[in-house]
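S.K.: Sending over structure_1.csv (CSV, C-alpha atoms and all ligand atoms).
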chain,number,residue,atom,x,y,z
A,1,MET,CA,84.4,111.7,105.1
A,2,ASP,CA,86.0,114.7,106.7
A,3,ASN,CA,87.2,115.8,110.0
A,4,ASP,CA,83.7,117.0,111.0
A,5,ARG,CA,82.5,113.4,110.5
A,6,ILE,CA,84.5,112.1,113.5
A,7,ILE,CA,82.2,110.5,116.0
A,8,ASN,CA,82.7,110.0,119.7
A,9,LYS,CA,81.0,107.0,121.4
A,10,ASP,CA,81.9,105.5,124.8
A,11,GLY,CA,85.2,107.3,124.8
A,12,LEU,CA,86.2,106.0,121.4
A,13,THR,CA,86.6,108.2,118.3
A,14,PHE,CA,86.0,107.0,114.8
A,15,ALA,CA,85.0,108.0,111.3
A,16,THR,CA,82.2,106.3,109.3
A,17,SER,CA,81.0,106.5,105.7
A,18,PRO,CA,77.5,107.2,104.5
A,19,LEU,CA,78.1,104.8,101.7
A,20,LEU,CA,78.3,102.0,104.2
A,21,GLY,CA,75.3,103.2,106.1
A,22,ASP,CA,73.5,99.9,106.1
A,23,THR,CA,76.4,98.2,107.9
A,24,SER,CA,78.0,98.4,111.3
A,25,HIS,CA,81.5,99.8,110.6
A,26,ALA,CA,84.1,102.2,111.9
A,27,PHE,CA,87.5,103.6,111.1
A,28,LEU,CA,88.7,103.8,114.6
A,29,GLY,CA,91.1,106.4,115.9
A,30,ARG,CA,93.7,106.1,118.7
A,31,THR,CA,91.8,107.5,121.7
A,32,GLY,CA,89.9,105.8,124.4
A,33,GLY,CA,92.2,102.9,125.1
A,34,VAL,CA,94.6,101.8,127.9
A,35,SER,CA,98.0,101.5,126.2
A,36,ARG,CA,100.8,103.7,127.3
A,37,ALA,CA,103.3,105.7,125.2
A,38,PRO,CA,104.3,105.2,122.4
A,39,PHE,CA,101.1,103.2,121.9
A,40,THR,CA,98.7,105.8,123.5
A,41,SER,CA,96.1,104.6,123.7
A,42,LEU,CA,93.8,102.4,121.6
A,43,ASN,CA,96.5,100.2,120.1
A,44,THR,CA,95.1,97.0,118.6
A,45,GLY,CA,98.4,95.7,117.2
A,46,MET,CA,99.8,92.6,119.0
A,47,HIS,CA,103.1,92.7,117.0
A,48,VAL,CA,104.3,96.2,117.7
A,49,GLY,CA,105.9,95.8,121.2
A,50,ASP,CA,102.9,96.9,123.3
A,51,ASN,CA,101.8,95.0,126.5
A,52,PRO,CA,99.5,92.1,125.2
A,53,GLY,CA,97.2,92.6,128.1
A,54,ASP,CA,96.6,96.2,127.2
A,55,VAL,CA,96.0,95.3,123.6
A,56,ALA,CA,93.5,92.7,124.6
A,57,LYS,CA,91.7,95.3,126.8
A,58,ASN,CA,91.6,97.7,123.9
A,59,ARG,CA,90.1,95.1,121.5
A,60,ARG,CA,87.5,94.2,124.2
A,61,ARG,CA,86.6,97.9,124.5
A,62,ILE,CA,86.0,98.1,120.7
A,63,ARG,CA,83.9,94.8,120.7
A,64,GLU,CA,81.8,96.1,123.6
A,65,CYS,CA,81.2,99.5,122.0
A,66,PHE,CA,80.0,97.9,118.8
A,67,GLY,CA,78.4,94.7,120.1
A,68,VAL,CA,80.8,92.3,118.5
A,69,GLU,CA,81.0,88.9,120.3
A,70,ASP,CA,84.3,87.7,121.7
A,71,ARG,CA,85.7,85.5,119.0
A,72,ASN,CA,84.0,87.3,116.2
A,73,LEU,CA,86.3,90.2,115.5
A,74,ILE,CA,88.5,88.8,112.8
A,75,ILE,CA,92.0,90.1,112.6
A,76,VAL,CA,94.7,88.4,110.5
A,77,THR,CA,98.4,89.0,110.1
A,78,GLN,CA,99.0,91.6,107.4
A,79,VAL,CA,102.1,91.1,105.3
A,80,HIS,CA,101.9,93.9,102.7
A,81,GLY,CA,101.0,91.4,100.1
A,82,THR,CA,97.9,90.9,97.9
A,83,GLU,CA,96.5,87.7,99.4
A,84,VAL,CA,92.7,87.8,100.0
A,85,ILE,CA,91.2,85.4,102.6
A,86,ASN,CA,87.6,84.4,102.0
A,87,ILE,CA,85.9,83.2,105.3
A,88,GLU,CA,83.1,80.7,104.8
A,89,LYS,CA,82.9,78.1,107.6
A,90,GLU,CA,86.2,78.2,109.5
A,91,LEU,CA,87.5,81.3,111.2
A,92,PRO,CA,91.2,81.9,110.4
A,93,PRO,CA,93.7,82.2,113.3
A,94,GLU,CA,95.3,85.6,113.8
A,95,THR,CA,98.5,84.1,112.4
A,96,ALA,CA,96.9,83.6,109.0
A,97,GLU,CA,98.6,85.9,106.5
A,98,ALA,CA,96.5,88.1,104.2
A,99,ASP,CA,95.8,91.8,103.5
A,100,ALA,CA,92.1,91.5,102.7
A,101,ILE,CA,89.3,89.5,104.3
A,102,ILE,CA,86.0,88.8,102.5
A,103,THR,CA,82.9,87.1,104.0
A,104,ALA,CA,79.2,86.6,103.5
A,105,ARG,CA,78.8,85.6,107.2
A,106,SER,CA,76.6,87.7,109.3
A,107,ASP,CA,78.1,86.9,112.7
A,108,ILE,CA,81.6,88.2,112.2
A,109,ALA,CA,83.3,91.6,111.9
A,110,VAL,CA,86.3,91.7,109.5
A,111,ALA,CA,89.0,94.1,110.4
A,112,VAL,CA,92.3,95.5,109.3
A,113,GLN,CA,95.0,97.4,111.3
A,114,THR,CA,96.8,100.5,110.0
A,115,ALA,CA,99.1,103.4,111.0
A,116,ASP,CA,99.3,105.5,107.8
A,117,CYS,CA,98.5,102.6,105.4
A,118,VAL,CA,95.1,102.7,103.6
A,119,PRO,CA,92.2,100.9,105.2
A,120,ILE,CA,89.4,100.1,102.7
A,121,LEU,CA,86.0,98.8,103.7
A,122,PHE,CA,83.7,97.2,101.1
A,123,PHE,CA,80.0,96.3,101.1
A,124,ASP,CA,78.1,94.7,98.2
A,125,PRO,CA,74.5,95.2,99.2
A,126,ASP,CA,73.4,93.1,96.2
A,127,LYS,CA,75.2,89.9,97.2
A,128,ASN,CA,75.4,90.8,100.9
A,129,ILE,CA,79.2,90.6,101.1
A,130,ILE,CA,81.5,92.6,103.3
A,131,CYS,CA,85.2,93.0,103.1
A,132,ALA,CA,88.2,94.9,104.8
A,133,ALA,CA,91.5,95.5,103.0
A,134,HIS,CA,94.8,97.0,103.9
A,135,ALA,CA,97.0,98.8,101.3
A,136,GLY,CA,100.4,100.1,102.2
A,137,TRP,CA,102.7,101.1,99.3
A,138,ARG,CA,103.6,97.5,98.6
A,139,GLY,CA,100.0,96.4,98.5
A,140,THR,CA,99.1,99.4,96.4
A,141,LEU,CA,101.8,98.6,94.0
A,142,GLY,CA,100.4,95.1,93.8
A,143,ASN,CA,96.8,96.5,93.3
A,144,ILE,CA,95.3,94.9,96.4
A,145,ALA,CA,92.2,97.0,95.9
A,146,GLY,CA,91.6,95.6,92.4
A,147,LYS,CA,92.5,92.1,93.5
A,148,THR,CA,89.9,92.3,96.3
A,149,VAL,CA,87.2,93.3,93.8
A,150,THR,CA,88.2,90.3,91.6
A,151,ALA,CA,88.0,88.0,94.6
A,152,MET,CA,84.5,89.3,95.4
A,153,LYS,CA,83.5,88.6,91.8
A,154,LYS,CA,85.0,85.2,91.7
A,155,ASN,CA,83.7,83.9,95.1
A,156,TYR,CA,80.3,85.5,95.2
A,157,GLY,CA,79.5,86.8,91.7
A,158,SER,CA,79.6,90.4,92.8
A,159,ASP,CA,79.0,93.0,90.2
A,160,PRO,CA,81.7,95.7,90.7
A,161,ALA,CA,79.2,98.4,89.6
A,162,LYS,CA,77.2,97.6,92.8
A,163,ILE,CA,80.1,97.3,95.2
A,164,ARG,CA,80.6,100.3,97.6
A,165,ALA,CA,83.9,101.1,99.1
A,166,ALA,CA,85.1,103.6,101.7
A,167,ILE,CA,88.8,104.6,101.9
A,168,GLY,CA,89.6,105.5,105.5
A,169,PRO,CA,92.1,107.8,107.2
A,170,SER,CA,95.6,107.2,105.9
A,171,ILE,CA,98.7,109.2,105.2
A,172,GLY,CA,98.0,111.9,102.6
A,173,PRO,CA,100.3,113.2,99.8
A,174,CYS,CA,100.8,116.3,102.1
A,175,CYS,CA,103.0,114.1,104.4
A,176,TYR,CA,104.1,111.1,102.4
A,177,GLU,CA,107.4,112.0,100.8
A,178,VAL,CA,109.2,109.0,99.3
A,179,SER,CA,112.3,108.3,97.2
A,180,THR,CA,112.3,109.2,93.5
A,181,GLU,CA,113.1,105.5,92.9
A,182,LEU,CA,109.8,104.5,94.6
A,183,ILE,CA,107.8,107.1,92.6
A,184,GLY,CA,109.4,105.7,89.5
A,185,ARG,CA,108.2,102.2,90.4
A,186,PHE,CA,104.7,103.5,90.7
A,187,HIS,CA,104.9,105.2,87.3
A,188,ASP,CA,106.3,102.1,85.7
A,189,THR,CA,103.8,99.7,87.2
A,190,LEU,CA,100.6,101.5,87.4
A,191,ASN,CA,100.4,103.5,84.2
A,192,HIS,CA,97.9,106.2,84.7
A,193,ALA,CA,97.2,105.3,88.3
A,194,GLY,CA,100.8,106.4,89.0
A,195,GLN,CA,99.9,109.9,87.9
A,196,ALA,CA,98.1,110.3,91.2
A,197,SER,CA,101.6,110.9,92.6
A,198,LYS,CA,103.2,114.2,92.3
A,199,GLU,CA,106.9,114.7,92.4
A,200,ARG,CA,108.1,112.8,95.5
A,201,HIS,CA,104.8,112.8,97.3
A,202,LEU,CA,102.9,109.6,97.0
A,203,ASP,CA,99.1,109.8,97.1
A,204,LEU,CA,98.3,106.3,98.4
A,205,PRO,CA,94.5,106.8,99.1
A,206,GLY,CA,94.2,108.6,95.7
A,207,ILE,CA,95.9,105.7,93.8
A,208,ASN,CA,93.7,103.2,95.6
A,209,LYS,CA,90.6,105.2,94.5
A,210,VAL,CA,91.8,105.1,90.9
A,211,GLN,CA,92.4,101.3,91.2
A,212,LEU,CA,88.9,100.8,92.5
A,213,GLU,CA,87.5,102.7,89.5
A,214,GLU,CA,89.6,100.6,87.2
A,215,ALA,CA,88.2,97.5,88.9
A,216,GLY,CA,84.7,98.7,87.8
A,217,LEU,CA,83.4,100.6,90.9
A,218,ALA,CA,81.2,103.6,90.1
A,219,CYS,CA,82.8,106.9,91.2
A,220,SER,CA,79.7,107.6,93.2
A,221,ASN,CA,80.2,104.3,95.1
A,222,ILE,CA,83.6,105.3,96.4
A,223,ASP,CA,84.0,107.4,99.5
A,224,GLN,CA,87.5,108.8,100.2
A,225,THR,CA,88.3,110.5,103.5
A,226,SER,CA,90.2,113.8,103.6
A,227,ILE,CA,91.8,112.9,106.9
A,228,CYS,CA,95.6,112.5,106.9
A,229,THR,CA,96.8,110.3,109.7
A,230,ALA,CA,100.1,112.2,109.9
A,231,CYS,CA,98.4,115.6,110.0
A,232,ARG,CA,96.0,114.3,112.6
A,233,SER,CA,98.4,112.2,114.8
A,234,ASP,CA,96.4,113.5,117.8
A,235,LEU,CA,93.5,111.3,116.6
A,236,PHE,CA,95.2,108.6,114.6
A,237,PHE,CA,98.4,106.5,114.8
A,238,SER,CA,100.9,107.6,112.2
A,239,HIS,CA,104.0,105.5,111.6
A,240,ARG,CA,105.6,108.2,109.5
A,241,TYR,CA,105.0,110.9,112.1
A,242,GLU,CA,105.9,108.9,115.2
A,243,ALA,CA,107.9,105.8,114.7
A,244,ASP,CA,111.7,105.9,114.5
A,245,GLU,CA,113.1,102.5,113.5
A,246,THR,CA,116.7,103.6,114.0
A,247,ARG,CA,115.9,104.4,117.7
A,248,GLY,CA,113.6,101.3,118.0
A,249,ILE,CA,110.5,103.4,118.5
A,250,ASN,CA,107.3,102.0,117.1
A,251,THR,CA,103.7,103.3,117.3
A,252,GLY,CA,100.3,101.7,117.6
A,253,ARG,CA,97.8,100.3,115.1
A,254,GLN,CA,94.3,101.5,114.7
A,255,LEU,CA,91.5,99.2,113.7
A,256,SER,CA,88.9,99.5,110.9
A,257,PHE,CA,86.1,97.0,110.7
A,258,ILE,CA,82.9,96.2,109.0
A,259,MET,CA,80.0,93.9,110.0
A,260,LYS,CA,76.6,93.2,108.4
A,261,PRO,CA,73.6,95.2,109.6
A,262,GLU,CA,71.8,94.2,112.7
A,263,LEU,CA,68.7,93.1,110.8
A,264,LEU,CA,70.6,90.6,108.7
A,265,ARG,CA,72.4,89.3,111.7
A,266,LYS,CA,69.1,88.6,113.5
A,267,LYS,CA,67.7,86.8,110.4
A,268,ARG,CA,70.6,84.3,110.4
B,301,ZN,ZN,99.2,115.2,106.0
Take the structure in this file and express it as C-alpha cells.

M.R.:
Amino acid sequence: MDNDRIINKDGLTFATSPLLGDTSHAFLGRTGGVSRAPFTSLNTGMHVGDNPGDVAKNRRRIRECFGVEDRNLIIVTQVHGTEVINIEKELPPETAEADAIITARSDIAVAVQTADCVPILFFDPDKNIICAAHAGWRGTLGNIAGKTVTAMKKNYGSDPAKIRAAIGPSIGPCCYEVSTELIGRFHDTLNHAGQASKERHLDLPGINKVQLEEAGLACSNIDQTSICTACRSDLFFSHRYEADETRGINTGRQLSFIMKPELLRKKR
C-alpha cells in the first residue's frame, strides 16, 4: 500500500489493500468533506471540537460513496485501551468504549478513527469475520493487535494463519519522536517487538506488524502501508503535525472501515 495506491472517488481520497480485495473497505483521507480549519475537511470525529452538523455531513458523504446504510456505519468511542467489542445482535451506541470491533454480520461496516494512530482492518475469509482496530502508542503497548486476533479465535474459531490484516496510513518512525522513557517502556514490555523502535523514533505500524506475526498471522497475510500521516498531512490528518494542545488546537479524525463483500450481503 503505497502513495500510488491512493484512489479518488466522488471527491473522496482513500487507500485500499489488495489483501482485503474481497471486502468493501477504505482507509479514508481528509479530503472531500465540508469541515473548516483546523478540521479541513473530511473530519469524522465528533469529540474534537468540530461542528457536529459538519461531521454528520462528512459521515453521510462516506456512507453514500460506499453504499453503507444510515445506521450501519459502526463507530465507537476509542479510549486507547485494549477492549474488543464483538457485535452480534445489538448495535453498540457510539458512547460504547472499545478500540476494536469484530463482527460476522453482513449488514454493517465497522470503523475506527485516527490521526496518526494505526488503523488495522482484518478479514477472515474462512470464517467470514471482519474487524477494525485502532492502535495508538498505549494500545500498541497493550498489544491490541494480538488481543484482537485472540478475540477472533475465541468468538468465531478463527485460525490466525488464515486471517488477513492491512495496516493503514499512520505516523511513521520518520516523524514520531518520543521520550527515551517511552522507548524504554516499549523495550521493557514488548521484548523483541520493541526492537522495531530505533533510538527515540517509535515505529508504531512496524511494531503492530510484529505483534500480528506473533499472534500467528502469516507474513504474506499482512499488508503494511508506507504512507506516513505526518509526511502526508496534505492527504491525512496528523495530530503530531497539526495539533497543538498548549494552544488548544486540535485536528480532525479520518475514518477506516471494512464491510463484507456485496455478494455476501445480498445472500443474507
Ligand atoms: Zn513521516

S.K.: Could you make a table, as JSON lines, of the residues of chain A that have an atom within 8 Å of an atom of ligand ZN 301 (chain B), each with its nearest atom pair and distance in Å to one decimal, counting all atoms listed in the file, in chain and number order?

M.R.:
{"residue": "A:Ile171", "atom": "CA", "partner": "B:ZN301", "partner_atom": "ZN", "distance": 6.1}
{"residue": "A:Gly172", "atom": "CA", "partner": "B:ZN301", "partner_atom": "ZN", "distance": 4.9}
{"residue": "A:Pro173", "atom": "CA", "partner": "B:ZN301", "partner_atom": "ZN", "distance": 6.6}
{"residue": "A:Cys174", "atom": "CA", "partner": "B:ZN301", "partner_atom": "ZN", "distance": 4.4}
{"residue": "A:Cys175", "atom": "CA", "partner": "B:ZN301", "partner_atom": "ZN", "distance": 4.3}
{"residue": "A:Tyr176", "atom": "CA", "partner": "B:ZN301", "partner_atom": "ZN", "distance": 7.3}
{"residue": "A:Ile227", "atom": "CA", "partner": "B:ZN301", "partner_atom": "ZN", "distance": 7.8}
{"residue": "A:Cys228", "atom": "CA", "partner": "B:ZN301", "partner_atom": "ZN", "distance": 4.6}
{"residue": "A:Thr229", "atom": "CA", "partner": "B:ZN301", "partner_atom": "ZN", "distance": 6.6}
{"residue": "A:Ala230", "atom": "CA", "partner": "B:ZN301", "partner_atom": "ZN", "distance": 5.0}
{"residue": "A:Cys231", "atom": "CA", "partner": "B:ZN301", "partner_atom": "ZN", "distance": 4.1}
{"residue": "A:Arg232", "atom": "CA", "partner": "B:ZN301", "partner_atom": "ZN", "distance": 7.4}

S.K.: Which residue, A:Ile108, A:Ala218, A:Leu12, A:Met259, has the smallest gap to A:Glu88 when you use all atoms listed in the file?

M.R.: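 Under the stated criterion, the closest residue is A:Ile108.
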
S.K.: Write out as a ChimeraX atom specification which residues come within 8 Å of A:Gln224 when counting all atoms listed in the file, dropping same-chain ones fewer than 6 positions away.

M.R.: /A:1,166-168,205,209

S.K.: Please dump the current selection as a PDB file, in the coordinates of the input; keep C-alpha atoms.

M.R.:
ATOM      1  CA  MET A   1      84.400 111.700 105.100  1.00  0.00           C
ATOM      2  CA  ALA A 166      85.100 103.600 101.700  1.00  0.00           C
ATOM      3  CA  ILE A 167      88.800 104.600 101.900  1.00  0.00           C
ATOM      4  CA  GLY A 168      89.600 105.500 105.500  1.00  0.00           C
ATOM      5  CA  PRO A 205      94.500 106.800  99.100  1.00  0.00           C
ATOM      6  CA  LYS A 209      90.600 105.200  94.500  1.00  0.00           C
TER       7      LYS A 209
END

S.K.: Ranking A:Val55, A:Leu42, A:Ile74, A:Ile207 by minimum distance to A:Val118 and counting all atoms listed in the file, which one comes first?

M.R.: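 Once distances to A:Val118 are computed over all atoms listed in the file, the minimum belongs to A:Ile207.
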
S.K.: Given all atoms listed in the file as the basis, pick out the residue of A:Arg240, A:Arg247, A:Lys162, A:Arg200 nearest to A:Ile222.

M.R.: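 Of all the options, A:Lys162 lies closest to A:Ile222.
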
S.K.: Distance atom CA of A:Phe14-atom CA of A:Ala26, one decimal place?

M.R.: 5.9 Å

S.K.: Here is a test: counting only C-alpha atoms, which residue of A:Arg185, A:His47, A:His239, A:His25 is nearest to A:Phe123?

M.R.: A:His25

S.K.: Write out as a PyMOL selection string each polymer residue whose atoms come within 8 Å of stretch 34-37 of chain A, counting all atoms listed in the file; drop sequence neighbours fewer than 4 positions from it.

M.R.: chain A and resi 41-43+50-51+54-55+57-58

S.K.: Provide the atom CA of A:Val76 to atom CA of A:Pro93 distance in Å, to one decimal place.

M.R.: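 Atom-to-atom, atom CA of A:Val76 to atom CA of A:Pro93, that is 6.9 Å.
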
S.K.: Which polymer residues, protein or nucleic acid, are no farther than 8 Å from (95.3, 96.7, 109.0), counting only C-alpha atoms, as a PyMOL selection string?

M.R.: chain A and resi 78+99+111-115+117+119+133-134+253-256

S.K.: Calculate how many Å separate atom CA of A:Thr148 from atom CA of A:Thr189, rounding to one decimal.

M.R.: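 So the two atoms, atom CA of A:Thr148 and atom CA of A:Thr189, lie 18.2 Å apart.
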
S.K.: Please identify all polymer residues within 7 Å of A:Phe122, counting only C-alpha atoms, omitting same-chain residues fewer than 3 positions from it, and present them as a list of chain:residue names.

M.R.: A:Ile130, A:Cys131, A:Ala132, A:Ile163, A:Arg164, A:Ala165, A:Ala166

S.K.: Between A:Thr103, A:Ser226, A:Thr44, A:Thr246, which residue has the minimum interatomic distance to A:Ala15, considering all atoms listed in the file?

M.R.: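 With all atoms listed in the file as the atom set, the closest residue is A:Ser226.
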
S.K.: With a distance cut-off of 10 Å and all atoms listed in the file, select the neighbouring residues of A:Pro160, excluding the residue or stretch itself and same-chain residues fewer than 2 positions from it, and output the selection as a PyMOL selection string.

M.R.: chain A and resi 124+149-150+152-153+157-158+162-164+212-218+221

S.K.: Within 7 Å of A:Thr23, counting all atoms listed in the file, which residues qualify if same-chain residues fewer than 5 places away don't, as a list in words?

M.R.: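 Surrounding residues, per the criterion: Ile258, Met259, Lys260 and Pro261 of chain A.
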
S.K.: Mind giving me the axis-aligned box for stretch 111-122 of chain A with 3 Å on every side, centre plus edges in Å to one decimal, as JSON?

M.R.:
{"center_x": 91.5, "center_y": 99.8, "center_z": 106.2, "size_x": 21.6, "size_y": 17.4, "size_z": 16.2}

S.K.: Counting only C-alpha atoms, figure out which residue out of A:Ala56, A:Ala98, A:Val68, A:Leu20 gets nearest to A:Ile129.

M.R.: A:Leu20
